[in-house]
$ cat run_7.cif   # mmCIF, C-alpha atoms
data_structure
#
loop_
_atom_site.label_atom_id
_atom_site.label_comp_id
_atom_site.auth_asym_id
_atom_site.auth_seq_id
_atom_site.Cartn_x
_atom_site.Cartn_y
_atom_site.Cartn_z
CA MET B 121 -36.98 -7.20 17.24
CA LYS B 122 -33.66 -5.99 15.87
CA PRO B 123 -30.61 -7.89 17.11
CA SER B 124 -28.17 -5.71 19.03
CA PRO B 125 -24.78 -4.73 17.59
CA SER B 126 -23.02 -6.87 20.23
CA GLU B 127 -25.11 -9.91 19.24
CA ILE B 128 -24.21 -9.22 15.59
CA ARG B 129 -20.55 -8.92 16.54
CA ASP B 130 -20.76 -12.44 18.01
CA TRP B 131 -22.12 -13.71 14.69
CA LEU B 132 -19.26 -12.06 12.82
CA ASP B 133 -16.80 -13.61 15.26
CA GLN B 134 -17.73 -16.88 13.53
CA VAL B 135 -16.68 -15.58 10.08
CA PRO B 136 -13.15 -16.88 9.40
CA ASP B 137 -10.46 -14.85 7.69
CA PRO B 138 -10.27 -16.46 4.21
CA GLU B 139 -6.45 -16.67 4.25
CA ILE B 140 -5.93 -17.53 7.93
CA PRO B 141 -9.10 -19.47 8.85
CA VAL B 142 -8.21 -19.98 12.54
CA ILE B 143 -8.96 -16.32 13.31
CA SER B 144 -12.20 -14.46 12.69
CA VAL B 145 -12.70 -11.14 10.94
CA VAL B 146 -13.50 -9.71 14.40
CA ASP B 147 -10.19 -11.07 15.79
CA LEU B 148 -8.42 -9.36 12.90
CA GLY B 149 -9.82 -6.01 14.04
CA ILE B 150 -11.21 -5.05 10.65
CA VAL B 151 -14.87 -4.78 11.69
CA ARG B 152 -14.83 -1.17 12.85
CA ASP B 153 -18.47 -0.42 13.51
CA ILE B 154 -21.86 -2.12 13.57
CA ARG B 155 -24.91 0.10 13.84
CA TRP B 156 -28.55 0.41 12.86
CA ASP B 157 -29.51 3.23 10.54
CA GLY B 158 -33.31 3.00 10.79
CA ASP B 159 -34.07 -0.56 9.67
CA THR B 160 -30.82 -0.90 7.70
CA LEU B 161 -27.80 -2.49 9.31
CA GLN B 162 -24.53 -0.74 8.55
CA VAL B 163 -21.19 -2.52 9.01
CA ASP B 164 -17.93 -0.60 8.51
CA VAL B 165 -14.97 -2.71 7.44
CA THR B 166 -11.39 -1.52 7.03
CA PRO B 167 -8.88 -3.24 4.71
CA THR B 168 -5.68 -4.66 6.23
CA TYR B 169 -3.46 -3.77 3.26
CA SER B 170 -4.80 -1.56 0.49
CA GLY B 171 -4.23 -4.23 -2.16
CA CYS B 172 -5.15 -7.29 -0.10
CA PRO B 173 -7.20 -9.55 -2.40
CA ALA B 174 -9.01 -11.07 0.60
CA THR B 175 -10.82 -7.79 1.34
CA ARG B 176 -13.57 -8.36 -1.20
CA VAL B 177 -14.07 -11.97 -0.13
CA ILE B 178 -14.35 -10.85 3.50
CA SER B 179 -17.10 -8.35 2.67
CA MET B 180 -18.97 -11.07 0.79
CA ASP B 181 -18.60 -13.53 3.68
CA ILE B 182 -19.87 -10.94 6.16
CA GLU B 183 -22.86 -10.22 3.95
CA THR B 184 -23.68 -13.93 3.55
CA THR B 185 -23.49 -14.52 7.31
CA LEU B 186 -25.77 -11.58 8.08
CA ARG B 187 -28.30 -12.71 5.48
CA ASP B 188 -28.23 -16.23 6.96
CA HIS B 189 -29.24 -14.64 10.28
CA GLY B 190 -32.23 -13.04 8.59
CA ILE B 191 -30.91 -9.52 7.99
CA ASP B 192 -31.86 -8.46 4.50
CA LYS B 193 -31.40 -4.69 4.64
CA LEU B 194 -27.71 -4.12 5.09
CA ARG B 195 -24.90 -1.93 3.89
CA ILE B 196 -21.20 -2.77 4.11
CA GLU B 197 -18.92 0.22 3.83
CA THR B 198 -15.16 0.34 3.43
CA ARG B 199 -13.54 2.77 5.82
CA ILE B 200 -9.83 3.53 5.38
CA SER B 201 -9.38 6.05 8.18
CA PRO B 202 -7.98 5.54 10.77
CA PRO B 203 -5.77 3.01 8.97
CA TRP B 204 -5.77 -0.58 10.21
CA THR B 205 -3.08 -1.50 12.70
CA THR B 206 -2.05 -4.87 14.11
CA ASP B 207 -2.74 -3.35 17.57
CA TRP B 208 -6.39 -4.14 16.80
CA LEU B 209 -5.75 -7.88 16.70
CA SER B 210 -7.59 -9.53 19.62
CA GLU B 211 -5.81 -11.50 22.37
CA LYS B 212 -7.78 -14.57 21.28
CA GLY B 213 -6.61 -13.95 17.72
CA ARG B 214 -2.96 -13.68 18.78
CA ALA B 215 -3.17 -16.94 20.72
CA ARG B 216 -4.81 -18.74 17.79
CA LEU B 217 -2.16 -17.48 15.37
CA THR B 218 0.59 -18.92 17.57
CA GLU B 219 -1.21 -22.28 17.85
CA TYR B 220 -1.59 -22.30 14.06
CA GLY B 221 2.16 -21.75 13.58
CA ILE B 222 2.15 -18.02 12.75
CA ALA B 223 4.11 -15.77 15.10
CA PRO B 224 1.91 -12.82 16.17
CA PRO B 225 3.04 -9.22 15.53
CA SER B 226 5.49 -7.67 17.96
CA PRO B 227 6.45 -3.98 18.24
CA ALA B 228 10.10 -5.09 18.34
CA GLY B 229 9.82 -5.58 14.56
CA GLY B 230 10.23 -9.35 14.60
CA PRO B 231 8.72 -12.40 16.32
CA ASP B 232 9.37 -12.91 20.03
CA ALA B 233 9.76 -16.66 19.58
CA CYS B 234 9.42 -19.55 17.16
CA PRO B 235 5.72 -20.56 17.20
CA ARG B 236 6.70 -24.25 17.04
CA CYS B 237 9.44 -24.77 19.64
CA GLY B 238 9.37 -21.43 21.50
CA SER B 239 13.02 -20.63 20.89
CA ALA B 240 13.93 -16.93 20.72
CA HIS B 241 16.76 -17.82 18.33
CA VAL B 242 15.08 -16.74 15.07
CA GLU B 243 16.13 -15.00 11.85
CA LYS B 244 14.41 -13.24 8.98
CA ILE B 245 14.38 -14.94 5.57
CA SER B 246 12.29 -12.40 3.69
CA GLN B 247 10.32 -9.29 4.51
CA PHE B 248 7.31 -10.69 2.65
CA GLY B 249 5.52 -14.00 3.09
CA SER B 250 2.60 -15.83 1.54
CA THR B 251 0.18 -12.90 2.01
CA PRO B 252 0.71 -9.11 2.26
CA CYS B 253 0.28 -9.26 6.04
CA LYS B 254 3.08 -11.76 6.70
CA ALA B 255 6.87 -12.03 6.57
CA HIS B 256 8.98 -15.16 6.29
CA TRP B 257 11.22 -16.19 9.22
CA ARG B 258 13.16 -19.26 10.34
CA CYS B 259 13.97 -20.80 13.71
CA ARG B 260 17.69 -21.43 14.19
CA ASP B 261 17.07 -24.14 16.81
CA CYS B 262 14.35 -26.35 15.32
CA LEU B 263 15.29 -25.11 11.81
CA GLU B 264 11.65 -24.81 10.72
CA PRO B 265 10.60 -21.85 8.59
CA PHE B 266 7.48 -20.00 9.78
CA ASP B 267 5.26 -17.04 8.97
CA TYR B 268 5.39 -13.88 11.06
CA PHE B 269 2.39 -11.55 11.11
CA LYS B 270 3.93 -8.15 10.25
CA CYS B 271 3.51 -5.40 12.83
CA ILE B 272 2.08 -2.23 11.30
CA MET P 234 -8.20 26.13 -6.29
CA ALA P 235 -9.23 24.78 -9.68
CA GLU P 236 -10.76 21.29 -9.55
CA GLY P 237 -8.76 20.55 -12.70
CA ALA P 238 -5.49 20.92 -10.77
CA LEU P 239 -6.71 18.59 -8.02
CA PHE P 240 -7.67 15.98 -10.62
CA GLU P 241 -4.22 16.30 -12.21
CA PHE P 242 -2.52 15.88 -8.86
CA LEU P 243 -4.56 12.77 -7.98
CA CYS P 244 -3.80 11.25 -11.40
CA ARG P 245 -0.09 11.81 -10.74
CA MET P 246 -0.28 9.92 -7.45
CA GLY P 247 -2.41 7.13 -8.89
CA ASP P 248 -0.53 6.80 -12.18
CA ASN P 249 2.80 6.51 -10.35
CA THR P 250 1.54 3.57 -8.31
CA LEU P 251 -0.34 2.03 -11.24
CA VAL P 252 2.55 2.13 -13.71
CA LEU P 253 5.19 1.07 -11.19
CA GLY P 254 2.83 -1.56 -9.77
CA HIS P 255 2.32 -3.03 -13.23
CA ARG P 256 6.05 -2.98 -13.95
CA VAL P 257 6.81 -4.80 -10.69
CA SER P 258 4.05 -7.34 -11.40
CA GLU P 259 5.86 -8.23 -14.65
CA TRP P 260 8.32 -10.13 -12.41
CA CYS P 261 5.63 -12.52 -11.17
CA GLY P 262 6.95 -16.02 -11.90
CA HIS P 263 10.31 -14.72 -13.18
CA ALA P 264 12.22 -13.50 -10.11
CA PRO P 265 15.63 -14.99 -9.31
CA VAL P 266 14.41 -16.83 -6.18
CA LEU P 267 10.99 -17.69 -4.77
CA GLU P 268 11.22 -15.29 -1.81
CA GLU P 269 11.95 -12.36 -4.12
CA ASP P 270 9.15 -13.38 -6.46
CA ILE P 271 6.70 -13.28 -3.54
CA ALA P 272 8.11 -10.01 -2.22
CA LEU P 273 7.83 -8.33 -5.63
CA ALA P 274 4.28 -9.58 -6.12
CA ASN P 275 3.27 -8.29 -2.69
CA THR P 276 4.86 -4.91 -3.40
CA ALA P 277 2.97 -4.71 -6.70
CA LEU P 278 -0.24 -5.60 -4.87
CA ASP P 279 0.22 -2.77 -2.38
CA LEU P 280 0.86 -0.32 -5.23
CA ILE P 281 -2.19 -1.42 -7.20
CA GLY P 282 -4.31 -1.17 -4.02
CA GLN P 283 -3.11 2.40 -3.53
CA THR P 284 -3.94 3.11 -7.18
CA GLN P 285 -7.52 2.06 -6.54
CA MET P 286 -7.79 4.73 -3.83
CA TRP P 287 -6.03 7.55 -5.72
CA LEU P 288 -7.74 7.02 -9.07
CA GLY P 289 -11.06 6.35 -7.35
CA LEU P 290 -10.84 9.77 -5.73
CA ALA P 291 -9.62 11.32 -9.01
CA GLY P 292 -12.74 10.05 -10.77
CA GLU P 293 -14.94 11.37 -7.98
CA VAL P 294 -13.28 14.82 -8.09
CA GLU P 295 -13.55 14.93 -11.88
CA GLY P 296 -17.29 14.30 -11.62
CA LYS P 297 -17.73 12.72 -15.04
CA GLY P 298 -18.60 9.29 -13.74
CA ARG P 299 -15.24 7.68 -14.52
CA SER P 300 -14.19 4.90 -12.15
CA ALA P 301 -10.63 3.98 -11.13
CA ASP P 302 -10.82 1.14 -13.68
CA ASP P 303 -11.93 3.52 -16.45
CA LEU P 304 -9.01 5.82 -15.73
CA ALA P 305 -6.51 2.96 -15.55
CA MET P 306 -7.66 0.99 -18.57
CA LEU P 307 -9.17 3.48 -21.02
CA ARG P 308 -6.76 6.43 -21.12
CA ASP P 309 -3.93 6.58 -23.64
CA ALA P 310 -0.25 7.33 -22.98
CA TRP P 311 -0.60 11.14 -23.30
CA ASP P 312 -3.18 11.21 -20.49
CA PHE P 313 -0.91 9.42 -18.01
CA ARG P 314 0.75 11.59 -15.35
CA ASN P 315 3.31 9.23 -13.79
CA VAL P 316 6.94 10.27 -13.46
CA LEU P 317 9.28 8.86 -16.11
CA LEU P 318 11.14 6.79 -13.48
CA ALA P 319 8.07 4.61 -12.86
CA GLU P 320 7.71 3.55 -16.51
CA GLN P 321 11.36 2.60 -17.09
CA PRO P 322 11.72 -1.09 -17.98
CA ASN P 323 12.64 -3.65 -15.33
CA GLY P 324 16.07 -4.54 -16.72
CA ASP P 325 17.76 -7.06 -14.45
CA PHE P 326 16.70 -7.66 -10.83
CA GLY P 327 19.25 -5.10 -9.59
CA GLN P 328 17.90 -2.41 -11.91
CA THR P 329 14.35 -3.14 -10.74
CA MET P 330 15.38 -2.82 -7.10
CA MET P 331 17.33 0.38 -7.76
CA ARG P 332 14.27 1.90 -9.48
CA GLN P 333 12.15 0.76 -6.54
CA PHE P 334 14.46 2.30 -3.96
CA LEU P 335 14.69 5.66 -5.77
CA PHE P 336 10.89 5.74 -6.04
CA ASP P 337 10.22 4.50 -2.48
CA ALA P 338 12.59 7.09 -1.00
CA TRP P 339 10.53 9.85 -2.68
CA HIS P 340 7.18 8.13 -2.08
CA VAL P 341 7.60 7.75 1.66
CA GLU P 342 8.42 11.47 2.11
CA MET P 343 5.55 12.53 -0.15
CA LEU P 344 3.01 10.33 1.65
CA ALA P 345 4.22 11.42 5.09
CA ALA P 346 3.65 15.05 4.07
CA LEU P 347 0.24 14.21 2.56
CA THR P 348 -0.99 12.80 5.89
CA ARG P 349 -1.16 16.50 6.88
CA SER P 350 -3.12 17.50 3.73
CA SER P 351 -5.91 20.08 4.09
CA ASP P 352 -8.06 17.61 2.11
CA ALA P 353 -9.22 14.94 4.58
CA ARG P 354 -9.75 12.36 1.81
CA ILE P 355 -6.14 12.72 0.67
CA ALA P 356 -4.83 12.62 4.26
CA ALA P 357 -6.75 9.36 4.85
CA ILE P 358 -5.33 7.65 1.74
CA ALA P 359 -1.82 8.84 2.59
CA ALA P 360 -2.07 7.57 6.19
CA LYS P 361 -2.98 4.14 4.84
CA ALA P 362 -0.36 4.10 2.07
CA VAL P 363 2.57 5.49 4.07
CA LYS P 364 2.68 2.37 6.26
CA GLU P 365 3.11 0.22 3.16
CA ALA P 366 5.66 2.59 1.60
CA ALA P 367 7.73 2.60 4.80
CA TYR P 368 7.93 -1.18 4.56
CA HIS P 369 8.85 -1.03 0.86
CA VAL P 370 11.71 1.44 1.36
CA GLU P 371 13.17 -0.68 4.14
CA ARG P 372 13.33 -3.69 1.84
CA SER P 373 14.46 -1.91 -1.33
CA GLY P 374 17.15 -0.01 0.62
CA ASP P 375 18.44 -3.22 2.23
CA THR P 376 18.54 -4.92 -1.18
CA VAL P 377 20.45 -2.03 -2.76
CA ILE P 378 23.00 -2.29 0.07
CA GLY P 379 23.22 -6.07 -0.16
CA LEU P 380 23.82 -6.07 -3.91
CA GLY P 381 25.91 -2.89 -4.08
CA ASP P 382 28.23 -4.10 -1.33
CA GLY P 383 28.09 -7.66 -2.64
CA THR P 384 30.18 -9.37 -5.30
CA THR P 385 32.17 -7.59 -8.01
CA GLU P 386 29.45 -8.52 -10.49
CA SER P 387 26.50 -7.38 -8.35
CA HIS P 388 28.34 -4.14 -7.50
CA ARG P 389 28.98 -3.46 -11.20
CA ARG P 390 25.33 -4.02 -12.07
CA MET P 391 24.03 -1.82 -9.25
CA GLN P 392 26.36 1.03 -10.18
CA ALA P 393 25.21 0.71 -13.81
CA ALA P 394 21.57 0.80 -12.64
CA LEU P 395 22.17 3.92 -10.55
CA ASP P 396 23.96 5.65 -13.45
CA LEU P 397 21.10 4.72 -15.79
CA LEU P 398 18.26 5.80 -13.49
CA TRP P 399 19.73 8.85 -11.79
CA PRO P 400 18.65 11.26 -14.57
CA TYR P 401 15.03 10.29 -13.76
CA VAL P 402 15.26 11.34 -10.09
CA GLY P 403 15.06 15.10 -10.60
CA GLU P 404 11.56 15.06 -12.12
CA MET P 405 10.03 13.92 -8.81
CA PHE P 406 11.15 17.16 -7.16
CA LEU P 407 10.61 19.74 -9.93
CA PRO P 408 7.57 21.88 -9.09
CA ASP P 409 5.15 23.13 -11.75
CA ALA P 410 1.83 25.02 -11.83
CA VAL P 411 -0.17 22.04 -10.51
CA ASP P 412 2.22 21.63 -7.58
CA ALA P 413 2.08 25.37 -6.86
CA ALA P 414 -1.74 25.27 -6.74
CA MET P 415 -1.65 22.23 -4.41
CA ALA P 416 0.91 23.84 -2.09
CA GLU P 417 -1.04 27.10 -2.06
CA ALA P 418 -4.20 25.27 -0.95
CA GLY P 419 -2.32 23.18 1.63
CA VAL P 420 -3.30 20.00 -0.22
CA ALA P 421 0.23 18.78 -0.97
CA PRO P 422 3.80 19.86 -0.22
CA ASP P 423 6.05 21.70 -2.67
CA PRO P 424 7.92 18.68 -4.10
CA ALA P 425 11.22 20.58 -3.84
CA SER P 426 10.78 20.62 -0.06
CA LEU P 427 11.07 16.81 0.02
CA ARG P 428 14.55 16.78 -1.53
CA PRO P 429 16.72 17.21 1.62
CA ALA P 430 15.17 14.19 3.37
CA PHE P 431 15.42 12.18 0.14
CA ASP P 432 19.08 13.14 -0.35
CA ALA P 433 19.91 12.22 3.25
CA ARG P 434 18.38 8.75 2.89
CA ILE P 435 19.86 8.11 -0.55
CA GLY P 436 23.29 9.33 0.59
CA ALA P 437 23.35 6.98 3.59
CA VAL P 438 22.18 3.95 1.61
CA MET P 439 24.52 4.51 -1.34
CA ALA P 440 27.46 4.98 1.01
CA ALA P 441 26.65 1.69 2.76
CA ALA P 442 26.19 0.09 -0.68
CA THR P 443 29.63 1.41 -1.80
CA LEU P 444 27.90 3.03 -4.80
CA THR P 445 28.72 6.45 -6.22
CA ILE P 446 25.89 8.92 -6.89
CA PRO P 447 26.49 10.60 -10.29
CA GLU P 448 27.55 14.23 -10.03
CA ASP P 449 25.48 15.44 -12.96
CA ASP P 450 22.01 16.55 -11.85
CA PHE P 451 20.50 16.63 -15.36
CA ALA P 452 16.83 15.58 -15.12
CA HIS P 453 14.62 14.13 -17.85
CA LYS P 454 11.08 15.44 -17.53
CA GLY P 455 7.70 15.28 -19.24
CA GLY P 456 6.11 12.32 -17.42
CA LYS P 457 4.15 13.98 -14.65
CA SER P 458 3.03 16.80 -16.95
CA GLY P 459 2.18 14.26 -19.68
CA PHE P 460 4.11 16.41 -22.17
CA ARG P 461 6.47 13.65 -23.26
CA HIS P 462 6.56 10.13 -21.87
CA SER P 463 9.39 7.78 -22.83
CA GLU P 464 8.65 5.23 -25.55
CA HIS P 465 8.35 2.52 -22.88
CA LEU P 466 4.98 3.64 -21.51
CA GLY P 467 3.04 2.97 -24.72
CA HIS P 468 4.40 -0.56 -24.96
CA MET P 469 3.50 -1.21 -21.32
CA LEU P 470 -0.05 0.11 -21.76
CA THR P 471 -0.54 -2.03 -24.85
CA GLU P 472 -0.12 -5.08 -22.67
CA MET P 473 -1.82 -3.76 -19.53
CA GLN P 474 -4.91 -2.45 -21.31
CA TRP P 475 -5.22 -5.13 -23.97
CA LEU P 476 -8.20 -6.97 -22.50
CA GLN P 477 -10.35 -3.86 -22.01
CA ARG P 478 -9.41 -2.57 -25.46
CA ALA P 479 -10.18 -5.86 -27.20
CA TYR P 480 -13.32 -6.67 -25.19
CA PRO P 481 -14.73 -3.35 -23.88
CA GLY P 482 -16.50 -3.72 -20.56
CA ALA P 483 -15.29 -7.28 -19.97
CA SER P 484 -15.47 -8.30 -16.32
CA TRP P 485 -15.42 -11.38 -14.11
#
$ encode --input "run_7.cif" --output "structure tokens"
Amino acid sequence: MKPSPSEIRDWLDQVPDPEIPVISVVDLGIVRDIRWDGDTLQVDVTPTYSGCPATRVISMDIETTLRDHGIDKLRIETRISPPWTTDWLSEKGRARLTEYGIAPPSPAGGPDACPRCGSAHVEKISQFGSTPCKAHWRCRDCLEPFDYFKCI
Amino acid sequence: MAEGALFEFLCRMGDNTLVLGHRVSEWCGHAPVLEEDIALANTALDLIGQTQMWLGLAGEVEGKGRSADDLAMLRDAWDFRNVLLAEQPNGDFGQTMMRQFLFDAWHVEMLAALTRSSDARIAAIAAKAVKEAAYHVERSGDTVIGLGDGTTESHRRMQAALDLLWPYVGEMFLPDAVDAAMAEAGVAPDPASLRPAFDARIGAVMAAATLTIPEDDFAHKGGKSGFRHSEHLGHMLTEMQWLQRAYPGASW
């Protein structure tokens, strides 16, 4: 019996993002499609940023997880269109990011609040942070620097 | 439309991002402050990622089995199709950021137009890349303003950078036979049509940066046609391609 795509999605929801391990690759919104093509499982993955070095690791992690669940005929394809957007981040993912100390993306172009103390009194330090998907901000109340997940 | 022209066009897009991406990566570990080092490395990463898509498609269109890596690492200077601006040396941090802003301001208009390309593969790459380019131009423009309208010393250096690099701007907008074939087929815009939006952005930023755009519109050319690159490209390729030249097929 072939497992259903929704069951497979639950497995992939256990695969952590290699750079931000508190969220899964499903939370990140990069698993775009899971379907059976005959007896071959096809998973479409979209990169966050075109040069993100984690992309290749993510594909490998997905493949390993699927093989561990007994799927040996599988194909992982990179799909670039439509381009990834932070709108695809799950609600669970956003909540986990905040708990982890990373402010989730906001259409306003900056974080709503400091992920540590909740103050809205924040300022940008640099447009880029420790990975392509983040920027560097600072709280002017608790004075702690923090990462902000860029909104694209 | 000749497939040869499409291949040329894709090499131009991919070589611009490859050569500029490599130049920017030369700053890794050398930038004036940690935040700028990280920002430059991330910008380089975006550009190299875009290169993978453009040169990957170029190899596919060419149909001779060459991969993006083959095109990047095994062609010599005369086969490169990047604009001369992209290969100019980094100079100081201000000169690097001025080069970045002049390129980004062209790049973002070009990519926005390419999202409407008649070739779906090109439109898809452009839709991905334009989001990154929009972010780059915001940062490079802000930095040009910050340094131009900064101290006497930073202002002097930014004006010198603009005077040095301005003669390399024109080439990005000069159409040739490849551009005409692309425009005819609806694949890419006539580069000259991008100039008004570019001028508007550059004008606003330079005014805020208290910098003066040179009056002379003389333009060096020969990069995107491959007719005559500046001496800097060969030196850059020597370093960039060294590993594949010394140990053909090396991988990890």
$ interface_residues --input "run_7.cif" --of "chain B" --to "chain P" --cutoff "6 Å" --atoms "all atoms listed in the file" --output "list in words"
Ser170, Gly171, Ser201, Pro203, Phe248 and Pro252 of chain B
$ write_last_selection --input "run_7.cif" --atoms "C-alpha atoms" --output "PDB file, in the coordinates of the input"
ATOM      1  CA  SER B 170      -4.800  -1.560   0.490  1.00  0.00           C
ATOM      2  CA  GLY B 171      -4.230  -4.230  -2.160  1.00  0.00           C
ATOM      3  CA  SER B 201      -9.380   6.050   8.180  1.00  0.00           C
ATOM      4  CA  PRO B 203      -5.770   3.010   8.970  1.00  0.00           C
ATOM      5  CA  PHE B 248       7.310 -10.690   2.650  1.00  0.00           C
ATOM      6  CA  PRO B 252       0.710  -9.110   2.260  1.00  0.00           C
TER       7      PRO B 252
END
$ residues_around --input "run_7.cif" --residues "Val146 (chain B)" --least-positions-apart "6" --cutoff "12 Å" --atoms "all atoms listed in the file" --output "short mmCIF file (atom, residue, chain, number, x, y, z; two decimals) with C-alpha atoms, keeping the file's coordinate frame"
data_model
loop_
_atom_site.label_atom_id
_atom_site.label_comp_id
_atom_site.auth_asym_id
_atom_site.auth_seq_id
_atom_site.Cartn_x
_atom_site.Cartn_y
_atom_site.Cartn_z
CA SER B 126 -23.02 -6.87 20.23
CA ILE B 128 -24.21 -9.22 15.59
CA ARG B 129 -20.55 -8.92 16.54
CA ASP B 130 -20.76 -12.44 18.01
CA TRP B 131 -22.12 -13.71 14.69
CA LEU B 132 -19.26 -12.06 12.82
CA ASP B 133 -16.80 -13.61 15.26
CA GLN B 134 -17.73 -16.88 13.53
CA VAL B 135 -16.68 -15.58 10.08
CA PRO B 136 -13.15 -16.88 9.40
CA ASP B 137 -10.46 -14.85 7.69
CA ARG B 152 -14.83 -1.17 12.85
CA ASP B 153 -18.47 -0.42 13.51
CA ILE B 154 -21.86 -2.12 13.57
CA VAL B 163 -21.19 -2.52 9.01
CA ASP B 164 -17.93 -0.60 8.51
CA VAL B 165 -14.97 -2.71 7.44
CA THR B 166 -11.39 -1.52 7.03
CA ILE B 178 -14.35 -10.85 3.50
CA ILE B 182 -19.87 -10.94 6.16
CA TRP B 208 -6.39 -4.14 16.80
CA LEU B 209 -5.75 -7.88 16.70
CA SER B 210 -7.59 -9.53 19.62
CA GLU B 211 -5.81 -11.50 22.37
CA LYS B 212 -7.78 -14.57 21.28
CA GLY B 213 -6.61 -13.95 17.72
#
$ resolve_selection --input "run_7.cif" --expression "the PyMOL selection byres ((chain P and resi 329) around 10)" --output "tab-separated table (two decimals) with C-alpha atoms, in the coordinates of the input"
chain	number	residue	atom	x	y	z
P	256	ARG	CA	6.05	-2.98	-13.95
P	257	VAL	CA	6.81	-4.80	-10.69
P	260	TRP	CA	8.32	-10.13	-12.41
P	273	LEU	CA	7.83	-8.33	-5.63
P	321	GLN	CA	11.36	2.60	-17.09
P	322	PRO	CA	11.72	-1.09	-17.98
P	323	ASN	CA	12.64	-3.65	-15.33
P	324	GLY	CA	16.07	-4.54	-16.72
P	325	ASP	CA	17.76	-7.06	-14.45
P	326	PHE	CA	16.70	-7.66	-10.83
P	327	GLY	CA	19.25	-5.10	-9.59
P	328	GLN	CA	17.90	-2.41	-11.91
P	330	MET	CA	15.38	-2.82	-7.10
P	331	MET	CA	17.33	0.38	-7.76
P	332	ARG	CA	14.27	1.90	-9.48
P	333	GLN	CA	12.15	0.76	-6.54
P	334	PHE	CA	14.46	2.30	-3.96
P	373	SER	CA	14.46	-1.91	-1.33
P	391	MET	CA	24.03	-1.82	-9.25
P	394	ALA	CA	21.57	0.80	-12.64
$ resolve_selection --input "run_7.cif" --expression "the PyMOL selection byres ((chain P and resi 440-454) around 8)" --output "list of chain:residue names"
P:Val316, P:Leu317, P:Val377, P:Ile378, P:Gly379, P:Leu380, P:Gly381, P:Asp382, P:His388, P:Met391, P:Gln392, P:Leu395, P:Asp396, P:Trp399, P:Pro400, P:Tyr401, P:Val402, P:Gly403, P:Glu404, P:Gly436, P:Ala437, P:Val438, P:Met439, P:Gly455, P:Gly456, P:Lys457, P:Arg461
$ residues_near_point --input "run_7.cif" --point "(-3.0, -16.3, 7.8)" --cutoff "9 Å" --atoms "all atoms listed in the file" --output "ChimeraX atom specification"
/B:137-143,217,220,222,250-251,253-254,267,269
$ closest_residue --input "run_7.cif" --among "B:Glu243, B:Asp188, B:Asp147, B:Asp232" --to "Arg214 (chain B)" --atoms "all atoms listed in the file"
B:Asp147
$ atom_distance --input "run_7.cif" --atom1 "CA of Arg314 (chain P)" --atom2 "CA of Pro481 (chain P)"
23.1 Å
$ atom_distance --input "run_7.cif" --atom1 "CA of Arg176 (chain B)" --atom2 "CA of Ala483 (chain P)"
18.9 Å
$ atom_distance --input "run_7.cif" --atom1 "CA of Ala291 (chain P)" --atom2 "CA of Ser458 (chain P)"
15.9 Å
$ residues_around --input "run_7.cif" --residues "Tyr480 (chain P)" --least-positions-apart "5" --cutoff "12 Å" --atoms "all atoms listed in the file" --output "JSON list (two decimals) with C-alpha atoms, in the coordinates of the input"
[["chain", "number", "residue", "atom", "x", "y", "z"],
["P", 306, "MET", "CA", -7.66, 0.99, -18.57],
["P", 307, "LEU", "CA", -9.17, 3.48, -21.02],
["P", 474, "GLN", "CA", -4.91, -2.45, -21.31],
["P", 475, "TRP", "CA", -5.22, -5.13, -23.97]]
$ resolve_selection --input "run_7.cif" --expression "the PyMOL selection byres ((chain B and resi 264) around 12)" --output "mmCIF file with C-alpha atoms, in the frame of the given file"
data_model
loop_
_atom_site.group_PDB
_atom_site.id
_atom_site.type_symbol
_atom_site.label_atom_id
_atom_site.label_comp_id
_atom_site.auth_asym_id
_atom_site.auth_seq_id
_atom_site.Cartn_x
_atom_site.Cartn_y
_atom_site.Cartn_z
ATOM 1 C CA GLY B 221 2.160 -21.750 13.580
ATOM 2 C CA ILE B 222 2.150 -18.020 12.750
ATOM 3 C CA CYS B 234 9.420 -19.550 17.160
ATOM 4 C CA PRO B 235 5.720 -20.560 17.200
ATOM 5 C CA ARG B 236 6.700 -24.250 17.040
ATOM 6 C CA CYS B 237 9.440 -24.770 19.640
ATOM 7 C CA GLY B 238 9.370 -21.430 21.500
ATOM 8 C CA SER B 239 13.020 -20.630 20.890
ATOM 9 C CA HIS B 241 16.760 -17.820 18.330
ATOM 10 C CA VAL B 242 15.080 -16.740 15.070
ATOM 11 C CA GLU B 243 16.130 -15.000 11.850
ATOM 12 C CA ILE B 245 14.380 -14.940 5.570
ATOM 13 C CA HIS B 256 8.980 -15.160 6.290
ATOM 14 C CA TRP B 257 11.220 -16.190 9.220
ATOM 15 C CA ARG B 258 13.160 -19.260 10.340
ATOM 16 C CA CYS B 259 13.970 -20.800 13.710
ATOM 17 C CA ARG B 260 17.690 -21.430 14.190
ATOM 18 C CA ASP B 261 17.070 -24.140 16.810
ATOM 19 C CA CYS B 262 14.350 -26.350 15.320
ATOM 20 C CA LEU B 263 15.290 -25.110 11.810
ATOM 21 C CA PRO B 265 10.600 -21.850 8.590
ATOM 22 C CA PHE B 266 7.480 -20.000 9.780
ATOM 23 C CA ASP B 267 5.260 -17.040 8.970
#
$ closest_residue --input "run_7.cif" --among "P:Trp339, P:Phe406, P:Trp311, P:Phe460" --to "Phe431 (chain P)" --atoms "all atoms listed in the file"
P:Trp339
$ residues_around --input "run_7.cif" --residues "Lys193 (chain B)" --least-positions-apart "4" --cutoff "10 Å" --atoms "all atoms listed in the file" --output "short mmCIF file (atom, residue, chain, number, x, y, z; two decimals) with C-alpha atoms, keeping the file's coordinate frame"
data_model
loop_
_atom_site.label_atom_id
_atom_site.label_comp_id
_atom_site.auth_asym_id
_atom_site.auth_seq_id
_atom_site.Cartn_x
_atom_site.Cartn_y
_atom_site.Cartn_z
CA ASP B 159 -34.07 -0.56 9.67
CA THR B 160 -30.82 -0.90 7.70
CA LEU B 161 -27.80 -2.49 9.31
CA GLN B 162 -24.53 -0.74 8.55
CA LEU B 186 -25.77 -11.58 8.08
CA ARG B 187 -28.30 -12.71 5.48
#
